[in-house]
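Here is run14.cif, consisting of mmCIF, C-alpha atoms:
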data_upload
#
loop_
_atom_site.label_atom_id
_atom_site.label_comp_id
_atom_site.auth_asym_id
_atom_site.auth_seq_id
_atom_site.Cartn_x
_atom_site.Cartn_y
_atom_site.Cartn_z
CA MET A 1 -43.85 -12.34 -13.82
CA HIS A 2 -40.98 -14.75 -14.12
CA PRO A 3 -41.96 -18.42 -13.61
CA ASN A 4 -39.61 -18.67 -10.63
CA ALA A 5 -41.24 -15.81 -8.87
CA ASN A 6 -44.31 -17.71 -7.77
CA SER A 7 -42.93 -21.23 -7.66
CA LYS A 8 -40.22 -22.50 -5.35
CA ASN A 9 -37.99 -19.48 -5.47
CA ARG A 10 -39.80 -16.58 -3.98
CA VAL A 11 -36.83 -14.42 -3.13
CA VAL A 12 -37.02 -11.52 -0.75
CA ILE A 13 -34.38 -8.87 -0.18
CA ILE A 14 -34.61 -7.31 3.25
CA LYS A 15 -35.11 -3.58 2.95
CA TYR A 16 -33.31 -1.52 5.52
CA ASN A 17 -31.25 1.63 5.73
CA ALA A 18 -28.00 0.12 4.53
CA GLY A 19 -26.73 0.07 1.06
CA ASN A 20 -27.48 -0.19 -2.52
CA ILE A 21 -29.67 -3.15 -3.34
CA GLN A 22 -30.19 -2.28 -6.97
CA SER A 23 -27.10 -4.24 -8.00
CA VAL A 24 -28.43 -7.30 -6.19
CA LEU A 25 -31.80 -6.97 -7.91
CA PHE A 26 -30.18 -6.67 -11.33
CA ALA A 27 -27.87 -9.62 -10.65
CA LEU A 28 -30.82 -11.82 -9.72
CA GLU A 29 -32.68 -10.62 -12.78
CA ARG A 30 -29.74 -11.71 -14.97
CA ILE A 31 -30.10 -15.24 -13.66
CA GLY A 32 -33.85 -15.15 -14.16
CA VAL A 33 -35.17 -14.35 -10.69
CA GLU A 34 -37.40 -11.48 -9.78
CA ALA A 35 -36.93 -10.60 -6.13
CA GLU A 36 -39.09 -8.51 -3.86
CA VAL A 37 -37.58 -5.79 -1.68
CA THR A 38 -39.47 -5.44 1.59
CA ASP A 39 -39.32 -4.92 5.33
CA ASP A 40 -42.73 -6.53 5.82
CA THR A 41 -42.19 -9.27 8.39
CA LYS A 42 -44.94 -11.54 7.02
CA ILE A 43 -43.58 -11.44 3.47
CA ILE A 44 -40.03 -12.05 4.69
CA GLN A 45 -41.14 -15.01 6.82
CA SER A 46 -43.03 -16.66 3.98
CA ALA A 47 -40.28 -16.26 1.35
CA ASP A 48 -38.32 -19.27 0.07
CA ARG A 49 -35.03 -17.42 0.12
CA VAL A 50 -33.99 -14.30 1.99
CA ILE A 51 -31.12 -12.04 1.02
CA PHE A 52 -29.75 -9.68 3.65
CA PRO A 53 -27.58 -7.16 1.78
CA GLY A 54 -25.83 -4.09 3.06
CA VAL A 55 -23.24 -1.46 2.60
CA GLY A 56 -23.07 0.92 5.49
CA GLU A 57 -22.28 1.30 9.15
CA ALA A 58 -22.98 -1.44 11.70
CA SER A 59 -24.48 0.42 14.68
CA THR A 60 -26.86 2.51 12.55
CA ALA A 61 -27.98 -0.59 10.67
CA MET A 62 -28.52 -2.63 13.87
CA HIS A 63 -30.47 0.24 15.42
CA TYR A 64 -32.74 0.34 12.39
CA LEU A 65 -33.28 -3.44 12.44
CA LYS A 66 -34.11 -3.42 16.15
CA GLU A 67 -36.58 -0.58 15.81
CA ARG A 68 -38.55 -2.64 13.33
CA GLY A 69 -38.17 -5.98 15.10
CA LEU A 70 -36.20 -7.27 12.11
CA ASP A 71 -33.34 -8.44 14.37
CA THR A 72 -35.39 -11.16 16.07
CA LEU A 73 -37.17 -11.97 12.83
CA ILE A 74 -33.91 -12.64 10.96
CA LYS A 75 -32.53 -14.88 13.72
CA ARG A 76 -35.67 -17.04 13.61
CA LEU A 77 -35.80 -17.54 9.84
CA LYS A 78 -35.80 -21.19 8.75
CA GLN A 79 -35.35 -20.79 5.00
CA PRO A 80 -31.91 -20.22 3.40
CA VAL A 81 -30.64 -16.74 4.26
CA LEU A 82 -27.69 -15.08 2.52
CA GLY A 83 -26.00 -12.10 4.15
CA ILE A 84 -23.83 -9.99 1.87
CA CYS A 85 -21.02 -7.71 3.08
CA LEU A 86 -22.41 -5.69 6.03
CA GLY A 87 -25.32 -8.16 6.07
CA MET A 88 -22.85 -10.96 6.82
CA GLN A 89 -21.08 -8.88 9.46
CA LEU A 90 -24.38 -8.09 11.20
CA MET A 91 -25.04 -11.85 11.41
CA CYS A 92 -21.90 -12.20 13.55
CA ARG A 93 -21.78 -11.82 17.33
CA TYR A 94 -20.12 -8.45 17.66
CA SER A 95 -18.58 -5.76 15.48
CA GLU A 96 -15.80 -3.41 16.47
CA GLU A 97 -17.48 -0.82 14.25
CA ASN A 98 -18.82 1.51 16.95
CA ALA A 99 -18.78 -1.44 19.40
CA THR A 100 -21.99 -2.98 18.09
CA ASP A 101 -23.70 -6.09 19.40
CA CYS A 102 -24.96 -7.89 16.33
CA LEU A 103 -27.33 -10.77 15.63
CA GLY A 104 -25.08 -13.53 16.98
CA ILE A 105 -25.95 -16.13 14.34
CA PHE A 106 -22.24 -16.71 13.74
CA ASP A 107 -19.90 -16.71 16.76
CA GLU A 108 -17.16 -14.95 14.83
CA LYS A 109 -16.23 -11.39 15.77
CA VAL A 110 -15.90 -8.53 13.30
CA LYS A 111 -12.72 -6.51 13.60
CA LYS A 112 -11.20 -3.55 11.82
CA PHE A 113 -8.32 -4.11 9.43
CA ARG A 114 -5.09 -2.94 11.01
CA VAL A 115 -2.69 -3.57 8.18
CA GLN A 116 0.99 -3.87 8.95
CA SER A 117 2.13 -3.46 5.39
CA SER A 118 2.01 0.04 3.97
CA GLU A 119 1.23 -1.41 0.56
CA LEU A 120 -2.23 -2.46 1.71
CA LYS A 121 -4.97 0.10 1.92
CA VAL A 122 -8.09 0.26 4.06
CA PRO A 123 -10.84 -0.16 3.02
CA GLN A 124 -9.96 -3.09 0.86
CA ILE A 125 -11.54 -2.16 -2.46
CA GLY A 126 -11.10 -4.57 -5.29
CA TRP A 127 -10.66 -8.16 -6.30
CA ASN A 128 -9.25 -10.79 -3.99
CA SER A 129 -9.31 -14.56 -4.00
CA ILE A 130 -11.43 -16.92 -1.93
CA SER A 131 -10.10 -20.32 -0.87
CA SER A 132 -10.73 -23.34 1.41
CA LEU A 133 -14.27 -23.32 0.05
CA LYS A 134 -16.85 -25.44 1.84
CA THR A 135 -20.56 -26.20 1.40
CA THR A 136 -22.63 -26.32 -1.79
CA LEU A 137 -22.81 -22.50 -1.78
CA PHE A 138 -19.49 -22.77 -3.61
CA SER A 139 -20.33 -25.70 -5.90
CA GLY A 140 -18.55 -25.31 -9.20
CA VAL A 141 -16.42 -22.45 -7.88
CA MET A 142 -12.69 -23.05 -8.15
CA ASP A 143 -10.45 -22.50 -5.15
CA ASN A 144 -8.68 -19.13 -5.45
CA SER A 145 -11.40 -17.63 -7.62
CA PHE A 146 -11.47 -13.84 -7.53
CA CYS A 147 -14.38 -11.92 -6.04
CA TYR A 148 -15.07 -8.24 -5.52
CA PHE A 149 -14.66 -6.81 -2.01
CA VAL A 150 -15.31 -3.42 -0.43
CA HIS A 151 -14.80 -3.36 3.35
CA SER A 152 -12.82 -2.00 6.30
CA TYR A 153 -13.97 -4.63 8.82
CA TYR A 154 -13.59 -8.39 8.58
CA ALA A 155 -14.90 -11.48 10.36
CA SER A 156 -12.29 -13.59 12.10
CA ILE A 157 -11.80 -17.25 11.23
CA GLY A 158 -13.84 -19.67 13.30
CA GLU A 159 -15.89 -22.84 13.24
CA HIS A 160 -18.40 -21.31 10.81
CA THR A 161 -15.84 -20.26 8.21
CA ILE A 162 -16.58 -21.68 4.75
CA ALA A 163 -14.30 -19.44 2.69
CA THR A 164 -11.03 -17.75 3.52
CA THR A 165 -9.44 -14.62 2.05
CA ASN A 166 -6.10 -13.08 2.84
CA TYR A 167 -5.63 -9.35 3.33
CA ASP A 168 -2.62 -8.84 5.56
CA GLN A 169 -3.98 -11.85 7.47
CA PRO A 170 -6.51 -14.59 6.68
CA TYR A 171 -10.13 -13.86 7.50
CA SER A 172 -13.60 -15.30 6.84
CA SER A 173 -14.94 -14.36 3.42
CA GLY A 174 -17.76 -16.88 3.85
CA LEU A 175 -19.66 -18.11 6.92
CA HIS A 176 -22.28 -20.80 7.38
CA ARG A 177 -24.45 -22.12 10.16
CA ASP A 178 -27.60 -24.18 9.60
CA ASN A 179 -29.74 -22.27 7.06
CA PHE A 180 -27.64 -19.11 7.37
CA TYR A 181 -24.93 -18.17 4.89
CA GLY A 182 -22.87 -15.03 4.67
CA VAL A 183 -20.31 -13.72 2.22
CA GLN A 184 -18.05 -10.72 2.73
CA PHE A 185 -17.59 -10.08 -0.99
CA HIS A 186 -20.27 -8.90 -3.41
CA PRO A 187 -21.47 -11.87 -5.49
CA GLU A 188 -23.68 -9.47 -7.45
CA LYS A 189 -20.51 -7.73 -8.67
CA SER A 190 -18.16 -10.71 -8.90
CA ALA A 191 -18.71 -11.59 -12.54
CA GLU A 192 -19.27 -15.27 -13.42
CA VAL A 193 -18.07 -16.55 -10.04
CA GLY A 194 -20.59 -14.38 -8.23
CA GLU A 195 -23.36 -15.53 -10.54
CA GLN A 196 -22.51 -19.14 -9.79
CA ILE A 197 -22.69 -18.47 -6.04
CA LEU A 198 -26.06 -16.75 -6.36
CA LYS A 199 -27.35 -19.65 -8.45
CA ASN A 200 -26.08 -22.08 -5.82
CA PHE A 201 -27.84 -20.13 -3.08
CA LEU A 202 -31.11 -20.27 -5.02
CA ALA A 203 -30.67 -24.03 -5.40
CA LEU A 204 -30.01 -24.73 -1.69
CA MET B 1 -25.47 1.93 -26.76
CA PRO B 2 -21.73 1.16 -26.63
CA GLU B 3 -20.68 -2.41 -26.75
CA ILE B 4 -20.24 -3.80 -23.24
CA PRO B 5 -16.58 -4.71 -22.74
CA SER B 6 -15.47 -8.29 -22.59
CA CYS B 7 -16.47 -10.34 -19.60
CA TRP B 8 -12.79 -10.36 -18.64
CA ALA B 9 -12.82 -6.74 -17.55
CA ARG B 10 -12.82 -6.19 -13.82
CA CYS B 11 -14.67 -2.94 -13.53
CA MET B 12 -16.42 -0.55 -15.82
CA VAL B 13 -16.49 3.23 -15.80
CA PHE B 14 -19.07 5.25 -17.68
CA LEU B 15 -18.16 8.91 -17.94
CA ASP B 16 -20.33 11.45 -19.65
CA ILE B 17 -17.43 13.86 -20.08
CA THR B 18 -19.45 16.59 -21.72
CA ALA B 19 -22.11 16.62 -19.02
CA THR B 20 -20.79 19.54 -16.98
CA ILE B 21 -19.99 21.83 -19.85
CA GLU B 22 -23.35 21.27 -21.46
CA LYS B 23 -25.07 21.74 -18.12
CA ARG B 24 -27.01 18.55 -18.35
CA LYS B 25 -27.29 15.54 -16.12
CA THR B 26 -25.99 12.10 -16.90
CA LEU B 27 -28.92 10.18 -18.23
CA SER B 28 -30.04 7.94 -15.45
CA LYS B 29 -32.10 5.92 -17.89
CA LEU B 30 -29.01 5.00 -19.87
CA VAL B 31 -27.24 4.06 -16.64
CA ASN B 32 -30.18 1.86 -15.76
CA ARG B 33 -30.07 0.12 -19.13
CA ILE B 34 -26.33 -0.50 -18.87
CA ALA B 35 -26.49 -1.63 -15.23
CA HIS B 36 -28.85 -4.46 -16.12
CA HIS B 37 -26.01 -6.05 -18.07
CA ILE B 38 -23.00 -5.35 -15.83
CA ASN B 39 -21.88 -8.06 -13.43
CA ILE B 40 -18.79 -6.16 -12.31
CA PRO B 41 -18.40 -2.90 -10.37
CA PHE B 42 -19.87 -0.02 -12.31
CA THR B 43 -18.80 3.60 -11.80
CA VAL B 44 -20.75 6.48 -13.30
CA GLY B 45 -19.58 10.06 -13.62
CA GLY B 46 -20.46 13.27 -15.36
CA GLY B 47 -22.50 16.25 -14.24
CA ILE B 48 -22.93 15.08 -10.65
CA SER B 49 -23.32 18.02 -8.31
CA SER B 50 -25.56 16.92 -5.44
CA VAL B 51 -26.47 14.12 -3.05
CA GLU B 52 -29.76 13.91 -4.94
CA ASP B 53 -27.95 13.26 -8.26
CA VAL B 54 -26.01 10.41 -6.69
CA SER B 55 -29.04 8.94 -5.03
CA ILE B 56 -30.75 8.70 -8.44
CA LEU B 57 -27.72 7.08 -10.08
CA LEU B 58 -27.36 4.50 -7.30
CA GLN B 59 -31.07 3.70 -7.53
CA ASN B 60 -30.50 3.06 -11.23
CA GLY B 61 -27.75 0.55 -10.62
CA ALA B 62 -24.47 2.46 -10.35
CA ASP B 63 -22.14 1.08 -7.67
CA LYS B 64 -19.92 4.10 -7.39
CA ILE B 65 -19.98 7.61 -8.73
CA SER B 66 -17.15 9.84 -9.82
CA VAL B 67 -17.04 13.58 -9.32
CA ASN B 68 -14.66 16.03 -10.91
CA THR B 69 -15.39 19.70 -11.70
CA SER B 70 -18.31 20.08 -9.29
CA ALA B 71 -16.24 18.68 -6.41
CA PHE B 72 -13.40 21.05 -7.21
CA LYS B 73 -15.75 24.03 -7.13
CA ASN B 74 -17.54 22.75 -4.05
CA PRO B 75 -15.24 20.40 -2.09
CA GLN B 76 -17.92 19.99 0.58
CA LEU B 77 -19.74 17.83 -1.98
CA ILE B 78 -17.16 15.06 -1.45
CA ASN B 79 -17.77 15.22 2.28
CA ASP B 80 -21.55 15.16 1.87
CA LEU B 81 -21.42 12.20 -0.53
CA ALA B 82 -19.02 10.24 1.69
CA ASN B 83 -21.24 10.81 4.73
CA GLU B 84 -24.39 9.87 2.89
CA PHE B 85 -23.20 6.89 0.84
CA GLY B 86 -19.78 5.94 2.25
CA SER B 87 -16.32 6.65 0.90
CA GLN B 88 -16.26 3.37 -1.02
CA CYS B 89 -18.86 4.91 -3.29
CA VAL B 90 -17.06 8.18 -4.04
CA VAL B 91 -14.41 8.31 -6.75
CA LEU B 92 -12.61 11.60 -7.23
CA ALA B 93 -11.70 11.97 -10.91
CA ILE B 94 -8.85 14.35 -11.64
CA ASP B 95 -7.69 15.49 -15.06
CA ALA B 96 -4.12 16.69 -14.76
CA ARG B 97 -1.57 18.13 -17.14
CA GLN B 98 2.15 18.53 -16.61
CA GLU B 99 3.17 22.04 -17.58
CA GLU B 100 6.51 23.49 -18.64
CA ASP B 101 7.48 24.09 -15.00
CA GLY B 102 7.29 20.34 -14.40
CA GLU B 103 4.29 20.59 -12.07
CA TRP B 104 1.03 18.71 -12.59
CA TYR B 105 -2.00 21.04 -12.57
CA VAL B 106 -5.68 20.20 -12.18
CA TYR B 107 -7.91 20.89 -15.18
CA LEU B 108 -11.69 21.17 -15.11
CA ASN B 109 -14.62 20.80 -17.50
CA GLY B 110 -13.27 17.76 -19.28
CA GLY B 111 -9.79 19.26 -19.57
CA ARG B 112 -10.91 22.57 -21.01
CA THR B 113 -10.20 24.84 -18.03
CA LYS B 114 -6.83 25.15 -16.33
CA THR B 115 -6.56 25.80 -12.61
CA ASN B 116 -3.56 26.71 -10.47
CA ARG B 117 -4.13 23.80 -8.12
CA ILE B 118 -1.36 21.21 -7.90
CA CYS B 119 -2.70 17.74 -8.68
CA PHE B 120 -1.18 16.00 -5.65
CA ASP B 121 -2.50 18.64 -3.23
CA TRP B 122 -6.02 18.40 -4.59
CA ALA B 123 -5.96 14.59 -4.52
CA LYS B 124 -4.75 14.61 -0.93
CA HIS B 125 -7.40 17.12 0.07
CA GLY B 126 -10.07 15.07 -1.71
CA VAL B 127 -9.08 11.95 0.21
CA MET B 128 -9.18 13.91 3.47
CA LEU B 129 -12.72 15.00 2.60
CA GLY B 130 -13.75 11.39 2.05
CA ALA B 131 -12.98 10.30 -1.52
CA GLY B 132 -12.49 6.53 -1.52
CA GLU B 133 -10.61 6.25 -4.82
CA ILE B 134 -8.77 8.53 -7.21
CA LEU B 135 -9.22 8.22 -10.96
CA LEU B 136 -6.23 10.06 -12.37
CA THR B 137 -6.14 10.97 -16.04
CA SER B 138 -2.98 12.43 -17.49
CA MET B 139 -3.95 14.80 -20.26
CA ASN B 140 -0.37 14.67 -21.56
CA HIS B 141 -0.75 10.95 -22.12
CA ASP B 142 -4.45 10.56 -22.89
CA GLY B 143 -4.98 9.50 -26.48
CA THR B 144 -1.29 9.04 -27.23
CA LYS B 145 -1.13 5.26 -26.66
CA GLN B 146 2.47 5.90 -25.57
CA GLY B 147 2.07 4.62 -22.02
CA PHE B 148 0.60 5.85 -18.73
CA ALA B 149 2.00 8.78 -16.70
CA ILE B 150 4.34 6.95 -14.35
CA ASP B 151 5.62 9.75 -12.09
CA ILE B 152 2.36 11.42 -11.07
CA THR B 153 0.57 8.07 -10.74
CA LYS B 154 3.38 6.83 -8.53
CA GLN B 155 3.31 9.96 -6.37
CA LEU B 156 -0.40 9.57 -5.72
CA ALA B 157 -0.47 5.79 -5.37
CA GLU B 158 2.40 5.68 -2.91
CA ASN B 159 1.34 8.62 -0.77
CA LEU B 160 -2.42 8.34 -0.58
CA PRO B 161 -4.23 5.75 1.54
CA VAL B 162 -6.81 4.96 -1.18
CA PRO B 163 -6.63 3.10 -4.50
CA VAL B 164 -5.39 5.09 -7.49
CA ILE B 165 -6.63 4.21 -10.96
CA ALA B 166 -4.32 5.31 -13.75
CA SER B 167 -5.92 6.52 -16.94
CA GLY B 168 -4.63 7.86 -20.23
CA GLY B 169 -1.98 6.52 -22.53
CA GLY B 170 -2.47 2.76 -22.39
CA GLY B 171 -1.48 1.52 -25.83
CA SER B 172 0.25 -1.79 -25.36
CA MET B 173 0.30 -4.67 -22.93
CA GLN B 174 3.72 -3.61 -21.63
CA HIS B 175 2.25 -0.21 -20.65
CA PHE B 176 0.01 -1.96 -18.15
CA VAL B 177 2.96 -3.85 -16.66
CA ASP B 178 4.80 -0.52 -16.31
CA VAL B 179 1.98 1.30 -14.57
CA PHE B 180 1.42 -1.50 -12.08
CA GLU B 181 5.10 -2.24 -11.44
CA SER B 182 6.80 1.16 -11.70
CA ALA B 183 3.95 3.42 -10.61
CA SER B 184 2.27 1.10 -8.05
CA ALA B 185 -1.14 1.89 -9.57
CA ASP B 186 -3.97 -0.07 -8.00
CA ALA B 187 -5.82 -0.30 -11.30
CA ALA B 188 -5.54 0.97 -14.84
CA LEU B 189 -8.26 2.24 -17.09
CA ALA B 190 -8.22 2.08 -20.84
CA ALA B 191 -10.93 2.75 -23.34
CA SER B 192 -10.15 2.97 -27.01
CA ILE B 193 -7.67 0.10 -27.17
CA PHE B 194 -10.36 -2.16 -25.71
CA HIS B 195 -13.26 -0.66 -27.67
CA PHE B 196 -11.37 -1.07 -30.93
CA LYS B 197 -9.96 -4.43 -29.86
CA GLU B 198 -6.33 -3.39 -30.36
CA VAL B 199 -5.63 -5.15 -27.08
CA ALA B 200 -7.86 -8.02 -26.02
CA ILE B 201 -8.54 -8.08 -22.28
CA PRO B 202 -8.08 -11.88 -21.79
CA GLU B 203 -4.78 -11.75 -23.64
CA LEU B 204 -3.64 -8.71 -21.63
CA LYS B 205 -4.42 -10.43 -18.34
CA LEU B 206 -2.47 -13.54 -19.26
CA PHE B 207 0.42 -11.32 -20.31
CA LEU B 208 0.34 -9.49 -16.95
CA LYS B 209 0.22 -12.77 -15.08
CA ARG B 210 3.28 -14.02 -16.94
CA LYS B 211 5.02 -10.79 -15.90
CA ASN B 212 4.12 -11.60 -12.29
CA VAL B 213 1.65 -8.78 -11.93
CA ASP B 214 -0.99 -9.77 -9.37
CA VAL B 215 -3.91 -9.64 -11.77
CA ARG B 216 -7.51 -10.72 -11.19
CA LEU B 217 -8.17 -13.39 -13.79
#

Show me the file's structure as structure tokens.
Amino acid sequence: MHPNANSKNRVVIIKYNAGNIQSVLFALERIGVEAEVTDDTKIIQSADRVIFPGVGEASTAMHYLKERGLDTLIKRLKQPVLGICLGMQLMCRYSEENATDCLGIFDEKVKKFRVQSSELKVPQIGWNSISSLKTTLFSGVMDNSFCYFVHSYYASIGEHTIATTNYDQPYSSGLHRDNFYGVQFHPEKSAEVGEQILKNFLAL
Amino acid sequence: MPEIPSCWARCMVFLDITATIEKRKTLSKLVNRIAHHINIPFTVGGGISSVEDVSILLQNGADKISVNTSAFKNPQLINDLANEFGSQCVVLAIDARQEEDGEWYVYLNGGRTKTNRICFDWAKHGVMLGAGEILLTSMNHDGTKQGFAIDITKQLAENLPVPVIASGGGGSMQHFVDVFESASADAALAASIFHFKEVAIPELKLFLKRKNVDVRL
């Protein structure tokens, strides 16, 4: 077992029916952290850090979380929580994806890209820059660093925005409220920049 | 194990191109070993013919999978994979060759078997079925280092609502400028020139930036 695993950084990845968490596990492993993947409420509550990943569809994912009581559990967590991609979107108030009421941790709404320019494709798949970076989640990350995105829905800009990305229009690529953080991009696939952000999250 | 490309690359594709013809599955163990070291998007292809195959590859750390021959023979596979894992996960790889009549035809089994299907039609159909990206290899250009196939890449990139990755023919830094500028490719794939360090990725990216190509540094 890695020394971090039983000391301050007991990291848990919430297991649910959305997405591929293997990349997140490997990314954490590369920076020396062994994370546990679980939907056990007691283990999640007692973790030092919680990662809420996700690639998938909002209403199906919310339904799954509700069935297992994970929706109320996540909202009540006190330790640092990092939502990634769909995880971040589910932490918002509402998603246009099948008109889904989400967790409401962030007030921002999630909307579908309706691009005006024919040059832009939906979903956005690829590298885009993040700017107007706030909070220590982005310590040591340069403004306009490139991160890897895969998404058709985006969170609007609001009071909780801590990173902004432009795809036809500016939107929130990072959100923060209290102990909750969310990123639209995939830090686990964003090369050195992503590694820095994961390290920063583990140091919060 | 092949050397992992420079940390300046922005995605990695691992294709076991002999998998279908030899009727064997891409080695998930090898994928697992590679995935431990890859901090950028990682696409795996070769011998994938079922939802089960993909599930195993994703569990071993692949981010996306690419299908080629099996999807052509059973187009429903694209639909099944997109429904199960999402379109963002499904790359349709097409090997195409321009024949004497000027048309681009789809080839299967790693370029060994010709079909009568027109490349653009198959790509369009694949996208309709749920493919989230097209990886287009021009057999006329592959291995020549004389530049990418501009016309067919342009036709796909400008008419399909998904990213098109150009592959085959990249031999110089200017070739990358051409495929992004003239063919509107969303990405370009090269292998040997990077493996053998004929073109260094950091140098290429600075070159593209100087040419005003919107490149992810």

**Message:** So that I can check the surroundings of A:Ala47, please list as a VMD selection string every protein, DNA and RNA residue that reaches within 9 Å of it, counting all atoms listed in the file and ignoring chain neighbours fewer than 3 positions away.
**Reply:** chain A and resid 9 to 12 42 to 44 50 79

Box time for stretch 107-111 of chain A: axis-aligned, enclosing all its listed atoms, 8 Å extra on each side; report centre and edge lengths in Å to one decimal, as JSON.
{"center_x": -16.3, "center_y": -11.6, "center_z": 15.0, "size_x": 23.2, "size_y": 26.2, "size_z": 19.5}

**Message:** Calculated over only C-alpha atoms, which of the candidates B:Asp186, B:Glu181, B:Asp80, B:Asp53 has the smallest distance to chain A?
**Reply:**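 Once distances to chain A are computed over only C-alpha atoms, the minimum belongs to B:Asp186.
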
Do a neighbour search on A:Glu192 at 12 Å with only C-alpha atoms, toss out local chain neighbours closer than 2 positions, and write the hits as a PDB file with C-alpha atoms, in the frame of the given file.
ATOM      1  CA  ALA A  27     -27.870  -9.620 -10.650  1.00  0.00           C
ATOM      2  CA  ARG A  30     -29.740 -11.710 -14.970  1.00  0.00           C
ATOM      3  CA  ILE A  31     -30.100 -15.240 -13.660  1.00  0.00           C
ATOM      4  CA  GLY A 140     -18.550 -25.310  -9.200  1.00  0.00           C
ATOM      5  CA  VAL A 141     -16.420 -22.450  -7.880  1.00  0.00           C
ATOM      6  CA  MET A 142     -12.690 -23.050  -8.150  1.00  0.00           C
ATOM      7  CA  SER A 145     -11.400 -17.630  -7.620  1.00  0.00           C
ATOM      8  CA  PHE A 146     -11.470 -13.840  -7.530  1.00  0.00           C
ATOM      9  CA  CYS A 147     -14.380 -11.920  -6.040  1.00  0.00           C
ATOM     10  CA  TYR A 148     -15.070  -8.240  -5.520  1.00  0.00           C
ATOM     11  CA  HIS A 186     -20.270  -8.900  -3.410  1.00  0.00           C
ATOM     12  CA  PRO A 187     -21.470 -11.870  -5.490  1.00  0.00           C
ATOM     13  CA  GLU A 188     -23.680  -9.470  -7.450  1.00  0.00           C
ATOM     14  CA  LYS A 189     -20.510  -7.730  -8.670  1.00  0.00           C
ATOM     15  CA  SER A 190     -18.160 -10.710  -8.900  1.00  0.00           C
ATOM     16  CA  GLY A 194     -20.590 -14.380  -8.230  1.00  0.00           C
ATOM     17  CA  GLU A 195     -23.360 -15.530 -10.540  1.00  0.00           C
ATOM     18  CA  GLN A 196     -22.510 -19.140  -9.790  1.00  0.00           C
ATOM     19  CA  ILE A 197     -22.690 -18.470  -6.040  1.00  0.00           C
ATOM     20  CA  LEU A 198     -26.060 -16.750  -6.360  1.00  0.00           C
ATOM     21  CA  LYS A 199     -27.350 -19.650  -8.450  1.00  0.00           C
TER      22      LYS A 199
ATOM     23  CA  CYS B   7     -16.470 -10.340 -19.600  1.00  0.00           C
ATOM     24  CA  TRP B   8     -12.790 -10.360 -18.640  1.00  0.00           C
ATOM     25  CA  ALA B   9     -12.820  -6.740 -17.550  1.00  0.00           C
ATOM     26  CA  ARG B  10     -12.820  -6.190 -13.820  1.00  0.00           C
ATOM     27  CA  ILE B  38     -23.000  -5.350 -15.830  1.00  0.00           C
ATOM     28  CA  ASN B  39     -21.880  -8.060 -13.430  1.00  0.00           C
ATOM     29  CA  ILE B  40     -18.790  -6.160 -12.310  1.00  0.00           C
ATOM     30  CA  LEU B 217      -8.170 -13.390 -13.790  1.00  0.00           C
TER      31      LEU B 217
END

Would you tabulate, counting only C-alpha atoms, all residues of chain B that have an atom at most 8 Å from an atom of chain A, showing the closest pair of atoms and their distance in Å to one decimal, sorted by chain then ascending number, as a Markdown table?
| residue | atom | partner | partner_atom | distance |
| --- | --- | --- | --- | --- |
| B:Cys7 | CA | A:Ala191 | CA | 7.5 |
| B:Ala35 | CA | A:Phe26 | CA | 7.4 |
| B:His36 | CA | A:Phe26 | CA | 5.4 |
| B:His37 | CA | A:Arg30 | CA | 7.5 |
| B:Ile38 | CA | A:Lys189 | CA | 7.9 |
| B:Asn39 | CA | A:Ala191 | CA | 4.8 |
| B:Ile40 | CA | A:Lys189 | CA | 4.3 |
| B:Pro41 | CA | A:Lys189 | CA | 5.5 |
| B:Leu58 | CA | A:Asn20 | CA | 6.7 |
| B:Gln59 | CA | A:Gln22 | CA | 6.1 |
| B:Asn60 | CA | A:Gln22 | CA | 6.8 |
| B:Gly61 | CA | A:Gln22 | CA | 5.2 |
| B:Ala62 | CA | A:Ser23 | CA | 7.6 |
| B:Asp63 | CA | A:Ser23 | CA | 7.3 |
| B:Phe85 | CA | A:Gly56 | CA | 7.6 |
| B:Gly86 | CA | A:Gly56 | CA | 6.8 |
| B:Gln88 | CA | A:Val150 | CA | 6.9 |
| B:Glu158 | CA | A:Glu119 | CA | 8.0 |
| B:Pro161 | CA | A:Lys121 | CA | 5.7 |
| B:Val162 | CA | A:Lys121 | CA | 6.1 |
| B:Pro163 | CA | A:Lys121 | CA | 7.3 |
| B:Arg216 | CA | A:Phe146 | CA | 6.2 |
| B:Leu217 | CA | A:Phe146 | CA | 7.1 |

**Prompt:** So how far away is atom CA of B:Leu160 from atom CA of A:Asn166, in Å?
**Reply:** 22.0 Å

**Request:** Expand the PyMOL selection byres ((chain B and resi 200) around 12) into the individual residues it matches in the shown file, reporting them as an MDAnalysis selection string.
**Result:** chainID B and resid 5:9 171:173 190:199 201:207

**Request:** Pick out the closest residue to A:Gln116 from this set: A:Asp168, A:Glu159, A:Glu97, A:Glu36. Count all atoms listed in the file.
**Result:** A:Asp168

**Request:** Check what the PyMOL selection byres ((chain B and resi 138) around 7) selects in the file above and give those residues as a list of chain:residue names.
**Result:**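 With the shown file as input, the PyMOL selection byres ((chain B and resi 138) around 7) matches B:Asp95, B:Ala96, B:Arg97, B:Leu136, B:Thr137, B:Met139, B:Asn140, B:His141, B:Asp142, B:Ala149, B:Ser167, B:Gly168.
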
**Prompt:** Closest to A:Arg49 among A:Met91, A:Val81, A:Ala35, A:Leu103, using only C-alpha atoms?
**Reply:**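 Nearest candidate to A:Arg49 out of A:Met91, A:Val81, A:Ala35, A:Leu103: A:Val81.
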
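You will find atom CA of B:Gly143 at 23.7 Å from atom CA of B:Trp122.
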
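Between B:Asn109 and the candidates B:Ala183, B:Ile152, B:Ala71, B:Ala166, the tightest atom-to-atom separation, counting all atoms listed in the file, involves B:Ala71.
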